[in-house]
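Source file: my_file-v9.cif (mmCIF, C-alpha atoms)
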```cif
data_model
#
loop_
_atom_site.label_atom_id
_atom_site.label_comp_id
_atom_site.auth_asym_id
_atom_site.auth_seq_id
_atom_site.Cartn_x
_atom_site.Cartn_y
_atom_site.Cartn_z
CA MET K 125 -17.18 1.50 15.48
CA LYS K 126 -14.29 1.81 13.07
CA PHE K 127 -11.07 2.50 14.90
CA LYS K 128 -8.68 4.42 12.74
CA PRO K 129 -6.95 7.00 14.89
CA MET K 130 -4.46 8.47 12.44
CA SER K 131 -6.82 8.86 9.57
CA ALA K 132 -9.94 10.05 11.30
CA ILE K 133 -9.79 13.39 9.54
CA ALA K 134 -9.02 11.96 6.15
CA ALA K 135 -11.74 9.35 6.53
CA LEU K 136 -14.25 11.99 7.51
CA ALA K 137 -13.47 14.11 4.50
CA LEU K 138 -13.83 11.11 2.26
CA SER K 139 -16.85 9.40 3.64
CA VAL K 140 -19.19 12.19 2.55
CA PRO K 141 -19.17 11.79 -1.24
CA THR K 142 -18.99 7.98 -1.11
CA LEU K 143 -21.51 7.27 1.62
CA GLY K 144 -24.25 5.97 -0.64
CA MET K 145 -22.02 3.52 -2.41
CA ALA K 146 -19.96 2.43 0.52
CA ASP K 147 -22.46 1.66 3.23
CA ALA K 148 -24.24 -1.61 3.74
CA ASP K 149 -27.69 -1.28 2.18
CA ASP K 150 -31.03 -1.55 3.99
CA ASP K 151 -32.54 -4.46 2.07
CA THR K 152 -34.02 -7.42 3.91
CA LEU K 153 -33.37 -11.05 3.15
CA VAL K 154 -36.17 -13.59 3.09
CA ILE K 155 -35.42 -16.89 1.37
CA ASN K 156 -38.17 -18.67 -0.61
CA GLY K 157 -40.64 -16.15 0.78
CA GLU K 158 -40.49 -17.87 4.18
CA ILE K 159 -37.06 -18.10 5.83
CA GLU K 160 -36.33 -14.75 7.46
CA ILE K 161 -32.62 -14.08 7.75
CA VAL K 162 -31.17 -11.76 10.39
CA THR K 163 -28.50 -9.93 8.40
CA LYS K 164 -27.79 -7.11 10.87
CA THR K 165 -27.76 -7.26 14.62
CA ALA K 166 -25.92 -6.04 17.71
CA ALA K 167 -22.36 -7.34 17.97
CA PRO K 168 -21.86 -10.16 20.48
CA ALA K 169 -20.40 -9.09 23.84
CA HIS K 170 -16.91 -10.36 23.08
CA LEU K 171 -16.77 -8.06 20.04
CA SER K 172 -18.48 -4.99 21.42
CA ASP K 173 -15.29 -2.98 21.91
CA ALA K 174 -14.54 -3.34 18.19
CA LEU K 175 -17.94 -3.25 16.47
CA ASP K 176 -21.42 -2.00 17.39
CA GLU K 177 -23.30 -3.88 14.72
CA ILE K 178 -22.51 -7.05 12.81
CA ILE K 179 -23.61 -7.19 9.18
CA SER K 180 -23.83 -10.15 6.83
CA GLY K 181 -21.75 -10.07 3.66
CA TRP K 182 -25.05 -10.22 1.76
CA HIS K 183 -25.53 -6.48 2.31
CA PHE K 184 -22.32 -5.66 0.49
CA ARG K 185 -23.26 -7.39 -2.75
CA ASP K 186 -25.20 -5.85 -5.65
CA ASP K 187 -28.94 -6.30 -6.07
CA GLY K 188 -28.59 -9.00 -8.72
CA THR K 189 -26.31 -11.15 -6.58
CA GLN K 190 -28.53 -10.56 -3.55
CA ALA K 191 -31.62 -11.67 -5.45
CA MET K 192 -30.07 -15.00 -6.42
CA GLU K 193 -30.03 -15.97 -2.77
CA MET K 194 -33.70 -15.20 -2.21
CA ASP K 195 -35.01 -18.22 -4.11
CA ASP K 196 -33.48 -21.69 -4.01
CA PHE K 197 -34.20 -22.15 -7.72
CA ASP K 198 -31.92 -19.20 -8.50
CA ASN K 199 -29.21 -20.14 -5.99
CA PRO K 200 -26.54 -22.24 -7.75
CA GLY K 201 -25.27 -23.35 -4.33
CA MET K 202 -28.42 -25.45 -4.02
CA LEU K 203 -27.11 -27.78 -6.74
CA GLY K 204 -24.47 -28.88 -4.25
CA VAL K 205 -27.19 -29.37 -1.64
CA GLU K 206 -29.14 -31.60 -4.05
CA ALA K 207 -26.08 -33.65 -4.89
CA ALA K 208 -25.44 -34.16 -1.18
CA MET K 209 -29.06 -35.31 -0.62
CA ASP K 210 -28.25 -38.31 -2.80
CA VAL K 211 -25.01 -38.96 -0.96
CA TRP K 212 -26.89 -38.73 2.35
CA GLU K 213 -28.94 -41.76 1.29
CA THR K 214 -26.12 -43.70 -0.39
CA VAL K 215 -24.54 -46.66 1.38
CA ASP K 216 -20.75 -46.51 1.40
CA GLY K 217 -17.93 -48.39 3.18
CA SER K 218 -17.50 -51.77 4.91
CA GLU K 219 -20.38 -51.35 7.38
CA GLY K 220 -23.11 -51.09 4.73
CA LYS K 221 -24.38 -47.78 6.04
CA SER K 222 -25.33 -44.37 4.71
CA CYS K 223 -25.66 -41.12 6.68
CA ALA K 224 -29.40 -41.76 6.69
CA SER K 225 -28.92 -45.18 8.36
CA CYS K 226 -27.90 -43.43 11.57
CA HIS K 227 -29.37 -39.94 11.23
CA GLY K 228 -32.64 -40.48 9.35
CA ASP K 229 -34.16 -37.40 7.76
CA VAL K 230 -31.52 -34.73 7.31
CA GLN K 231 -34.07 -31.91 7.65
CA GLU K 232 -34.93 -33.15 11.13
CA SER K 233 -31.73 -34.55 12.54
CA MET K 234 -29.34 -31.88 11.27
CA LYS K 235 -31.48 -28.84 12.06
CA GLY K 236 -29.52 -26.51 14.35
CA VAL K 237 -26.22 -28.34 13.96
CA LYS K 238 -24.46 -25.78 11.78
CA ALA K 239 -25.45 -22.93 14.11
CA VAL K 240 -23.09 -24.18 16.85
CA TYR K 241 -20.12 -25.35 14.73
CA PRO K 242 -17.12 -25.38 15.02
CA LYS K 243 -17.63 -26.99 18.40
CA TRP K 244 -15.77 -28.87 21.12
CA ASN K 245 -16.14 -32.66 20.89
CA GLU K 246 -15.77 -34.07 24.38
CA ALA K 247 -15.05 -37.68 23.42
CA ALA K 248 -12.37 -36.73 20.91
CA GLY K 249 -10.99 -33.92 23.06
CA GLU K 250 -10.80 -31.52 20.14
CA VAL K 251 -12.63 -28.71 18.36
CA ARG K 252 -14.27 -29.95 15.17
CA ASN K 253 -15.82 -28.26 12.19
CA LEU K 254 -18.49 -29.97 10.10
CA GLN K 255 -16.09 -31.59 7.66
CA MET K 256 -14.09 -33.16 10.51
CA GLN K 257 -17.31 -34.56 11.94
CA PHE K 258 -18.36 -35.97 8.55
CA ASN K 259 -15.05 -37.77 8.25
CA ASP K 260 -15.30 -39.16 11.77
CA CYS K 261 -18.65 -40.72 10.84
CA ARG K 262 -17.30 -42.00 7.54
CA THR K 263 -14.18 -43.65 8.89
CA ASN K 264 -15.39 -44.84 12.31
CA ARG K 265 -19.05 -45.67 11.72
CA MET K 266 -19.33 -46.42 8.02
CA GLY K 267 -15.93 -47.95 7.39
CA ALA K 268 -15.65 -45.62 4.41
CA GLU K 269 -12.77 -43.47 3.28
CA ALA K 270 -12.42 -39.95 4.61
CA TRP K 271 -13.39 -37.25 2.14
CA LYS K 272 -10.60 -35.03 0.91
CA TYR K 273 -10.67 -31.75 2.80
CA ASP K 274 -12.63 -29.04 0.95
CA ALA K 275 -13.18 -31.26 -2.11
CA GLY K 276 -16.57 -31.65 -3.83
CA ASP K 277 -18.33 -34.24 -1.61
CA ALA K 278 -17.26 -32.56 1.61
CA LYS K 279 -18.30 -29.09 0.44
CA ASN K 280 -21.65 -30.30 -0.88
CA MET K 281 -22.43 -32.07 2.40
CA GLU K 282 -21.42 -28.94 4.29
CA ALA K 283 -23.90 -27.02 2.13
CA LEU K 284 -26.69 -29.54 2.80
CA VAL K 285 -26.18 -29.67 6.56
CA THR K 286 -25.93 -25.86 6.65
CA SER K 287 -29.05 -25.32 4.55
CA VAL K 288 -31.34 -27.05 7.04
CA SER K 289 -30.35 -24.53 9.74
CA ARG K 290 -31.00 -21.42 7.66
CA GLY K 291 -32.66 -18.69 9.69
CA MET K 292 -31.37 -19.97 13.03
CA PRO K 293 -28.99 -17.71 14.97
CA VAL K 294 -25.28 -18.53 14.88
CA ASN K 295 -24.36 -19.44 18.44
CA VAL K 296 -20.83 -20.76 18.62
CA ALA K 297 -19.45 -21.43 22.12
CA ILE K 298 -16.25 -19.56 22.91
CA ASP K 299 -15.72 -20.55 26.52
CA GLY K 300 -15.03 -23.82 28.29
CA PRO K 301 -12.74 -26.26 26.52
CA ALA K 302 -12.97 -24.37 23.20
CA GLN K 303 -11.58 -21.21 24.70
CA ALA K 304 -7.89 -21.89 24.11
CA MET K 305 -8.46 -22.46 20.44
CA TRP K 306 -10.73 -19.43 20.25
CA GLU K 307 -7.94 -17.28 21.73
CA GLN K 308 -5.54 -18.67 19.14
CA GLY K 309 -8.00 -17.76 16.40
CA LYS K 310 -8.39 -14.26 17.77
CA GLU K 311 -4.62 -13.82 17.80
CA LEU K 312 -4.45 -14.91 14.16
CA TYR K 313 -7.27 -12.54 13.22
CA TYR K 314 -5.37 -9.53 14.49
CA THR K 315 -1.89 -10.58 13.31
CA ARG K 316 -0.64 -8.65 10.29
CA THR K 317 0.87 -10.95 7.71
CA GLY K 318 2.79 -10.81 4.47
CA GLN K 319 4.66 -8.05 2.75
CA LEU K 320 1.50 -5.92 2.65
CA ASP K 321 1.41 -6.31 6.43
CA LEU K 322 -2.37 -6.56 6.78
CA SER K 323 -4.52 -8.51 9.22
CA CYS K 324 -8.10 -9.69 8.81
CA ALA K 325 -9.05 -6.68 10.94
CA SER K 326 -7.23 -4.25 8.60
CA CYS K 327 -9.78 -5.02 5.90
CA HIS K 328 -12.87 -6.40 7.63
CA GLU K 329 -12.96 -4.40 10.87
CA GLU K 330 -11.25 -1.09 10.00
CA ASN K 331 -12.39 -0.82 6.40
CA TYR K 332 -15.65 -2.65 5.86
CA GLY K 333 -17.92 -0.61 3.62
CA ASN K 334 -14.92 0.80 1.75
CA MET K 335 -13.84 -0.19 -1.73
CA ILE K 336 -10.50 -1.88 -2.33
CA ARG K 337 -10.14 -1.55 -6.08
CA ALA K 338 -13.37 -3.17 -7.38
CA ASP K 339 -14.16 -5.07 -4.17
CA HIS K 340 -16.65 -3.80 -1.64
CA LEU K 341 -15.25 -4.87 1.72
CA SER K 342 -17.65 -6.66 4.06
CA GLN K 343 -17.11 -7.56 7.69
CA GLY K 344 -15.89 -10.97 6.56
CA HIS K 345 -18.43 -13.10 8.46
CA ILE K 346 -18.92 -16.78 7.69
CA ASN K 347 -22.61 -17.10 8.57
CA GLY K 348 -23.27 -17.40 4.83
CA PHE K 349 -20.77 -20.21 4.23
CA PRO K 350 -20.32 -22.27 2.26
CA VAL K 351 -20.78 -19.54 -0.36
CA TYR K 352 -21.35 -20.07 -4.04
CA ARG K 353 -18.89 -17.64 -5.64
CA LEU K 354 -20.03 -16.49 -9.07
CA LYS K 355 -16.42 -15.70 -9.94
CA ASP K 356 -15.30 -19.30 -9.31
CA THR K 357 -18.65 -20.95 -10.21
CA LYS K 358 -18.34 -23.24 -7.20
CA LEU K 359 -18.83 -23.50 -3.48
CA THR K 360 -16.15 -22.07 -1.20
CA THR K 361 -15.72 -22.99 2.46
CA PRO K 362 -14.55 -20.61 5.19
CA GLN K 363 -11.02 -21.98 5.15
CA GLY K 364 -10.85 -21.78 1.37
CA ARG K 365 -11.76 -18.11 1.64
CA PHE K 366 -9.22 -17.49 4.41
CA LYS K 367 -6.52 -18.95 2.21
CA GLY K 368 -7.30 -16.45 -0.55
CA CYS K 369 -7.43 -13.52 1.83
CA VAL K 370 -4.10 -14.38 3.49
CA ARG K 371 -2.47 -14.95 0.10
CA ASP K 372 -3.63 -11.48 -0.91
CA THR K 373 -1.48 -9.98 1.83
CA ARG K 374 1.56 -11.46 0.03
CA ALA K 375 1.93 -13.98 2.83
CA GLU K 376 2.59 -17.67 3.11
CA THR K 377 -0.90 -18.99 3.82
CA TYR K 378 -1.94 -21.78 6.14
CA SER K 379 -3.53 -24.83 4.54
CA PRO K 380 -7.23 -25.58 4.71
CA GLY K 381 -7.54 -28.36 7.28
CA SER K 382 -4.72 -26.97 9.44
CA ASN K 383 -5.09 -26.30 13.14
CA GLU K 384 -4.50 -22.60 12.56
CA PHE K 385 -7.36 -22.26 10.10
CA LEU K 386 -9.62 -24.31 12.36
CA ALA K 387 -8.89 -21.85 15.17
CA LEU K 388 -9.59 -18.96 12.82
CA GLU K 389 -12.83 -20.59 11.65
CA LEU K 390 -13.98 -20.92 15.25
CA TYR K 391 -13.09 -17.32 16.03
CA VAL K 392 -14.56 -15.81 12.85
CA ALA K 393 -17.76 -17.85 13.30
CA SER K 394 -18.11 -16.43 16.81
CA ARG K 395 -17.85 -12.86 15.49
CA GLY K 396 -21.09 -13.63 13.68
CA ASN K 397 -22.95 -14.92 16.77
CA GLY K 398 -26.48 -13.54 16.42
CA LEU K 399 -26.63 -13.38 12.63
CA SER K 400 -28.69 -16.10 10.97
CA VAL K 401 -27.18 -19.15 9.36
CA GLU K 402 -27.47 -18.17 5.69
CA GLY K 403 -25.52 -20.78 3.71
CA PRO K 404 -25.21 -21.74 1.02
CA SER K 405 -25.20 -18.06 0.08
CA VAL K 406 -24.31 -16.36 -3.19
CA ARG K 407 -21.40 -13.93 -3.49
CA ASN K 408 -19.43 -12.50 -6.38
CA MET E 241 15.85 5.67 13.64
CA ARG E 242 13.77 8.79 14.15
CA LEU E 243 16.48 10.09 16.47
CA LEU E 244 19.20 10.38 13.84
CA THR E 245 20.69 13.83 13.71
CA LEU E 246 20.62 16.22 10.83
CA THR E 247 24.32 15.65 10.38
CA LEU E 248 23.75 12.02 9.61
CA ALA E 249 20.98 12.80 7.17
CA ALA E 250 23.22 15.32 5.48
CA THR E 251 26.00 12.76 5.22
CA LEU E 252 23.69 10.36 3.47
CA ALA E 253 22.42 13.02 1.08
CA ALA E 254 26.00 13.82 0.18
CA GLY E 255 27.02 10.17 -0.12
CA ALA E 256 23.92 9.42 -2.12
CA ALA E 257 25.56 10.37 -5.36
CA PHE E 258 27.92 7.37 -5.16
CA ALA E 259 26.05 4.78 -3.10
CA ASN E 260 22.91 4.52 -5.21
CA PRO E 261 20.40 3.10 -5.33
CA VAL E 262 20.21 2.80 -1.56
CA SER E 263 18.77 -0.22 0.23
CA TYR E 264 16.14 0.04 2.97
CA ALA E 265 18.74 -0.36 5.69
CA ASP E 266 20.46 2.82 4.49
CA VAL E 267 17.33 4.97 4.35
CA VAL E 268 17.29 7.83 6.85
CA PHE E 269 13.93 9.06 8.11
CA ASN E 270 13.53 12.50 9.67
CA GLU E 271 11.46 12.87 12.82
CA ASP E 272 8.22 13.30 10.84
CA GLY E 273 8.77 10.08 8.91
CA GLY E 274 10.00 11.88 5.79
CA VAL E 275 13.01 10.84 3.70
CA GLU E 276 14.94 13.79 2.41
CA ALA E 277 17.54 12.19 0.17
CA SER E 278 16.61 10.82 -3.23
CA LEU E 279 16.90 7.03 -3.21
CA THR E 280 18.78 7.06 -6.51
CA GLY E 281 20.05 10.56 -7.21
CA VAL E 282 18.23 10.35 -10.54
CA ALA E 283 15.20 12.63 -10.99
CA GLY E 284 11.90 10.75 -11.10
CA ASN E 285 9.78 10.53 -14.24
CA PRO E 286 6.20 11.58 -13.46
CA GLU E 287 4.68 9.72 -16.42
CA GLU E 288 6.28 6.49 -15.27
CA GLY E 289 5.03 7.29 -11.79
CA ALA E 290 1.46 7.57 -13.04
CA ASN E 291 1.72 4.19 -14.74
CA ILE E 292 3.13 2.56 -11.63
CA MET E 293 0.28 3.91 -9.53
CA LYS E 294 -2.38 2.61 -11.93
CA ALA E 295 -0.98 -0.84 -12.73
CA LYS E 296 -2.45 -3.62 -10.65
CA SER E 297 0.77 -5.60 -10.98
CA ILE E 298 3.05 -2.74 -9.88
CA GLY E 299 2.02 -0.02 -7.40
CA ASN E 300 -1.74 -0.62 -7.50
CA CYS E 301 -2.17 2.60 -5.51
CA VAL E 302 -5.61 3.17 -7.00
CA ALA E 303 -6.76 0.03 -5.17
CA CYS E 304 -6.98 2.24 -2.09
CA HIS E 305 -6.80 5.85 -3.36
CA GLU E 306 -8.95 7.88 -5.70
CA ILE E 307 -6.95 10.22 -7.97
CA THR E 308 -8.80 12.36 -10.51
CA ALA E 309 -5.72 12.66 -12.74
CA LEU E 310 -5.68 8.85 -13.11
CA ALA E 311 -9.40 8.53 -13.87
CA ASP E 312 -8.61 6.45 -16.97
CA ALA E 313 -7.64 3.51 -14.72
CA PRO E 314 -10.70 1.49 -13.64
CA PHE E 315 -11.92 1.09 -10.05
CA HIS E 316 -10.34 3.47 -7.60
CA GLY E 317 -10.80 2.41 -3.99
CA ASN E 318 -11.40 4.56 -0.91
CA VAL E 319 -9.49 2.82 1.87
CA GLY E 320 -7.02 5.74 1.81
CA PRO E 321 -7.61 9.48 1.28
CA ILE E 322 -8.18 11.04 -2.14
CA LEU E 323 -4.77 12.12 -3.43
CA ASP E 324 -5.92 15.17 -5.41
CA GLY E 325 -3.91 18.15 -4.20
CA VAL E 326 -1.57 15.97 -2.14
CA ALA E 327 1.46 18.05 -3.21
CA ASP E 328 -0.11 21.07 -1.49
CA ARG E 329 -0.19 19.09 1.74
CA TRP E 330 3.19 17.34 1.62
CA ASP E 331 6.62 18.09 0.17
CA ALA E 332 8.77 15.54 -1.68
CA THR E 333 10.59 14.56 1.51
CA GLN E 334 7.36 13.59 3.24
CA LEU E 335 5.88 11.91 0.15
CA ARG E 336 9.04 9.81 -0.24
CA GLY E 337 8.83 8.80 3.41
CA ILE E 338 5.16 7.79 3.06
CA LEU E 339 6.06 5.55 0.12
CA VAL E 340 9.17 4.02 1.65
CA ASN E 341 7.39 3.12 4.88
CA ALA E 342 4.08 4.83 5.59
CA LYS E 343 4.12 3.59 9.19
CA MET E 344 6.88 6.11 9.98
CA THR E 345 4.35 8.86 9.16
CA TYR E 346 1.08 7.19 10.18
CA GLU E 347 1.48 4.78 13.05
CA GLY E 348 -0.42 1.56 12.44
CA THR E 349 -1.61 2.50 8.96
CA VAL E 350 -2.90 -0.15 6.56
CA MET E 351 -0.90 1.41 3.73
CA PRO E 352 1.89 -1.03 2.77
CA ALA E 353 5.56 -0.02 2.93
CA TYR E 354 6.79 0.04 -0.64
CA PHE E 355 10.52 -0.10 0.02
CA LYS E 356 10.83 -2.06 3.25
CA VAL E 357 12.09 -5.63 2.90
CA ASP E 358 12.15 -7.18 6.35
CA GLY E 359 10.32 -7.47 9.64
CA TYR E 360 7.28 -9.23 8.15
CA THR E 361 5.28 -12.17 9.53
CA ARG E 362 5.08 -15.15 7.14
CA PRO E 363 6.29 -13.27 4.06
CA GLY E 364 5.17 -14.95 0.87
CA ASN E 365 6.56 -15.43 -2.60
CA ALA E 366 4.56 -12.59 -4.20
CA TYR E 367 0.87 -13.68 -4.44
CA THR E 368 1.46 -17.43 -4.73
CA GLY E 369 0.58 -18.16 -1.09
CA LYS E 370 3.91 -20.00 -0.79
CA ALA E 371 6.75 -18.98 1.51
CA ALA E 372 9.20 -16.40 0.21
CA GLU E 373 12.47 -17.84 -1.00
CA GLY E 374 15.46 -15.80 0.04
CA PRO E 375 15.44 -12.07 0.75
CA LEU E 376 12.40 -10.04 -0.31
CA ASP E 377 12.52 -7.49 -3.08
CA PRO E 378 10.85 -4.20 -2.17
CA LEU E 379 7.35 -3.72 -3.65
CA LEU E 380 8.76 -0.87 -5.75
CA SER E 381 12.37 -0.32 -6.80
CA ALA E 382 14.25 2.78 -5.65
CA GLN E 383 13.76 4.45 -9.04
CA GLN E 384 10.07 3.52 -9.15
CA ILE E 385 9.65 5.25 -5.78
CA GLU E 386 11.31 8.36 -7.21
CA ASP E 387 9.00 8.20 -10.25
CA VAL E 388 5.91 8.03 -8.03
CA VAL E 389 7.19 10.88 -5.85
CA ALA E 390 7.64 12.93 -9.02
CA PHE E 391 4.08 12.21 -10.15
CA LEU E 392 2.61 12.95 -6.73
CA GLY E 393 4.47 16.27 -6.85
CA THR E 394 2.30 17.26 -9.82
CA LEU E 395 -0.94 16.81 -7.86
CA LYS E 396 -1.57 20.46 -6.94
CA GLU E 397 -4.91 22.18 -6.76
#
```
Turn the structure described in the file into structure tokens.
Amino acid sequence: MKFKPMSAIAALALSVPTLGMADADDDTLVINGEIEIVTKTAAPAHLSDALDEIISGWHFRDDGTQAMEMDDFDNPGMLGVEAAMDVWETVDGSEGKSCASCHGDVQESMKGVKAVYPKWNEAAGEVRNLQMQFNDCRTNRMGAEAWKYDAGDAKNMEALVTSVSRGMPVNVAIDGPAQAMWEQGKELYYTRTGQLDLSCASCHEENYGNMIRADHLSQGHINGFPVYRLKDTKLTTPQGRFKGCVRDTRAETYSPGSNEFLALELYVASRGNGLSVEGPSVRN
Amino acid sequence: MRLLTLTLAATLAAGAAFANPVSYADVVFNEDGGVEASLTGVAGNPEEGANIMKAKSIGNCVACHEITALADAPFHGNVGPILDGVADRWDATQLRGILVNAKMTYEGTVMPAYFKVDGYTRPGNAYTGKAAEGPLDPLLSAQQIEDVVAFLGTLKE
């Protein structure tokens, strides 16, 4: 439910002529004719006072962009996945190991991983996203250098590991030891920033379905990440996207790789609990 | 601020002729969130106002509002209400108040305050993503606000 007390009347008057354009469409997403993607479902319990239904960003894109995601041959994000397949098998670092040396077949060993990330790592005593876990393996098990945060290798590997979980429900844990960071992320989500004084919720909770200039606002989920953005012709990670959105409020952003953005990634991921893992997806 | 008496507002209106353009700290809101006194004492130019509302780099009002009279600008959004006929709904005092700080009219609105310069969380240096250096400039100057108010005043049905 959109909560907009002061403008209820104005919004009502305005939603009539624009309904067709503004609402999420009713298409269904099946990838390669076989992977069925849940793109709309009931909001998870922790979100039910704010939203009834959660909707993938896929529904807010035009038919052409949507179609590109329905076949891996048309999805430019899959080029990153292919590049990472090679890296998966490539020995690197002082220990003479590749990812495959420890994990074997990526399709088998990594299936389901993305669905529960970011996630609490007991041994390290911290919440980790996929890229942090990759770098832990690289530095501690392979004796290789850490990948630069959000740079090509890291993003491609994120796309590969995500792709093997497509169709599985996002199911990020928000309680237990991850809870403190989840609360921090929630706080950030609802904090208005910058000279435009807007929060994530201002756009993605109060105004999804509406147009802001030429952009059709989605609910801002990250079940489709990393996304291949046609505008940038490259993969974007959740934190890369957050940076752009915060900057657009005329605010000082946080950096990708910061604790704040990790907290936000955990929280935003949990808002999509129940949608299918969909990345790498295609967006404009 | 809403509690200021009429006397005070009148004082500002009278003083406005010398002390212009005013800064945000000097703006007096009435109890409805309107601002009675011109920010500059110089009549606004409606044509300039129209340009400010269309330009992405200036007011960018069409990002959120549809306005038939500005149909030549591409891509009007619908986050805010359609502004056709807005001058039948609001007088210049209220329109000025909505521009200066819309939150004084609509509590919690997503419409940005175009003349307010402080009280923000992590203010940036325009759209660079970097921290602001020194005091913020308002999103629109005092005269630009008056120009937009003048244009909005022409939107009658």
Exercise for review: Specify as a PyMOL selection string all residues of chain K found within 6 Å of chain E, counting all atoms listed in the file.
Suggested key: chain K and resi 134+317-320+334-338+371+374-377
Taken to one decimal, the atom CA of Ile178 of chain K-atom CA of Lys164 of chain K distance is 5.6 Å
**Message:** Around (-17.1, -3.2, 4.7), as given in the file, which residues come within 8 Å? Count only C-alpha atoms and list them as number ranges by chain.
**Reply:** K: 146-148, 184, 327-329, 331-335, 340-343
Create the file for the chosen residues now, containing C-alpha atoms and written as a PDB file, in the frame of the given file.
```
ATOM      1  CA  ALA K 146     -19.960   2.430   0.520  1.00  0.00           C
ATOM      2  CA  ASP K 147     -22.460   1.660   3.230  1.00  0.00           C
ATOM      3  CA  ALA K 148     -24.240  -1.610   3.740  1.00  0.00           C
ATOM      4  CA  PHE K 184     -22.320  -5.660   0.490  1.00  0.00           C
ATOM      5  CA  CYS K 327      -9.780  -5.020   5.900  1.00  0.00           C
ATOM      6  CA  HIS K 328     -12.870  -6.400   7.630  1.00  0.00           C
ATOM      7  CA  GLU K 329     -12.960  -4.400  10.870  1.00  0.00           C
ATOM      8  CA  ASN K 331     -12.390  -0.820   6.400  1.00  0.00           C
ATOM      9  CA  TYR K 332     -15.650  -2.650   5.860  1.00  0.00           C
ATOM     10  CA  GLY K 333     -17.920  -0.610   3.620  1.00  0.00           C
ATOM     11  CA  ASN K 334     -14.920   0.800   1.750  1.00  0.00           C
ATOM     12  CA  MET K 335     -13.840  -0.190  -1.730  1.00  0.00           C
ATOM     13  CA  HIS K 340     -16.650  -3.800  -1.640  1.00  0.00           C
ATOM     14  CA  LEU K 341     -15.250  -4.870   1.720  1.00  0.00           C
ATOM     15  CA  SER K 342     -17.650  -6.660   4.060  1.00  0.00           C
ATOM     16  CA  GLN K 343     -17.110  -7.560   7.690  1.00  0.00           C
TER      17      GLN K 343
END
```
Practice task
For atom CA of Lys343 of chain E and atom CA of Gly273 of chain E, determine how far apart the two atoms are, in Å to one decimal place.
Solution key: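 Atom-to-atom, atom CA of Lys343 of chain E to atom CA of Gly273 of chain E, that is 8.0 Å.
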Q. Where does the PyMOL selection byres ((chain K and resi 353) around 10) land in this file, that is, which residues does it pick, as a list in words?
A.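 Checking the PyMOL selection byres ((chain K and resi 353) around 10) against this file, the residues are Thr189, Pro200, Gly201, Pro350, Val351, Tyr352, Leu354, Lys355, Asp356, Thr357, Lys358, Leu359, Thr360, Ser405, Val406, Arg407 and Asn408 of chain K.
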Do you know which residues are at most 6 Å from segment 281-298 of chain K counting only C-alpha atoms, after dropping those on the same chain fewer than 4 positions away, and could you put them as a compact mmCIF listing (two decimals) with C-alpha atoms, keeping the file's coordinate frame?
```
# COMPACT_ATOMS: atom_id res chain seq x y z
CA ILE K 159 -37.06 -18.10 5.83
CA GLU K 160 -36.33 -14.75 7.46
CA ILE K 161 -32.62 -14.08 7.75
CA VAL K 205 -27.19 -29.37 -1.64
CA ALA K 208 -25.44 -34.16 -1.18
CA GLN K 231 -34.07 -31.91 7.65
CA LYS K 235 -31.48 -28.84 12.06
CA GLY K 236 -29.52 -26.51 14.35
CA LYS K 238 -24.46 -25.78 11.78
CA ALA K 239 -25.45 -22.93 14.11
CA VAL K 240 -23.09 -24.18 16.85
CA ALA K 302 -12.97 -24.37 23.20
CA GLN K 303 -11.58 -21.21 24.70
CA PRO K 350 -20.32 -22.27 2.26
CA SER K 394 -18.11 -16.43 16.81
CA ASN K 397 -22.95 -14.92 16.77
CA GLY K 398 -26.48 -13.54 16.42
CA LEU K 399 -26.63 -13.38 12.63
CA SER K 400 -28.69 -16.10 10.97
CA VAL K 401 -27.18 -19.15 9.36
CA GLU K 402 -27.47 -18.17 5.69
CA GLY K 403 -25.52 -20.78 3.71
CA PRO K 404 -25.21 -21.74 1.02
```
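The space between atom CA of Pro261 of chain E and atom CA of Asn341 of chain E spans 16.5 Å.
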Scan for residues within 9 Å of the point (13.1, 9.0, 2.5) in the coordinates of the file, using all atoms listed in the file, and reply as a list in words.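 All residues meeting the 9 Å criterion around (13.1, 9.0, 2.5) are Val267, Val268, Phe269, Asn270, Gly273, Gly274, Val275, Glu276, Ala277, Ser278, Leu279, Ala332, Thr333, Gln334, Leu335, Arg336, Gly337, Ile338, Leu339, Val340 and Asn341 of chain E.
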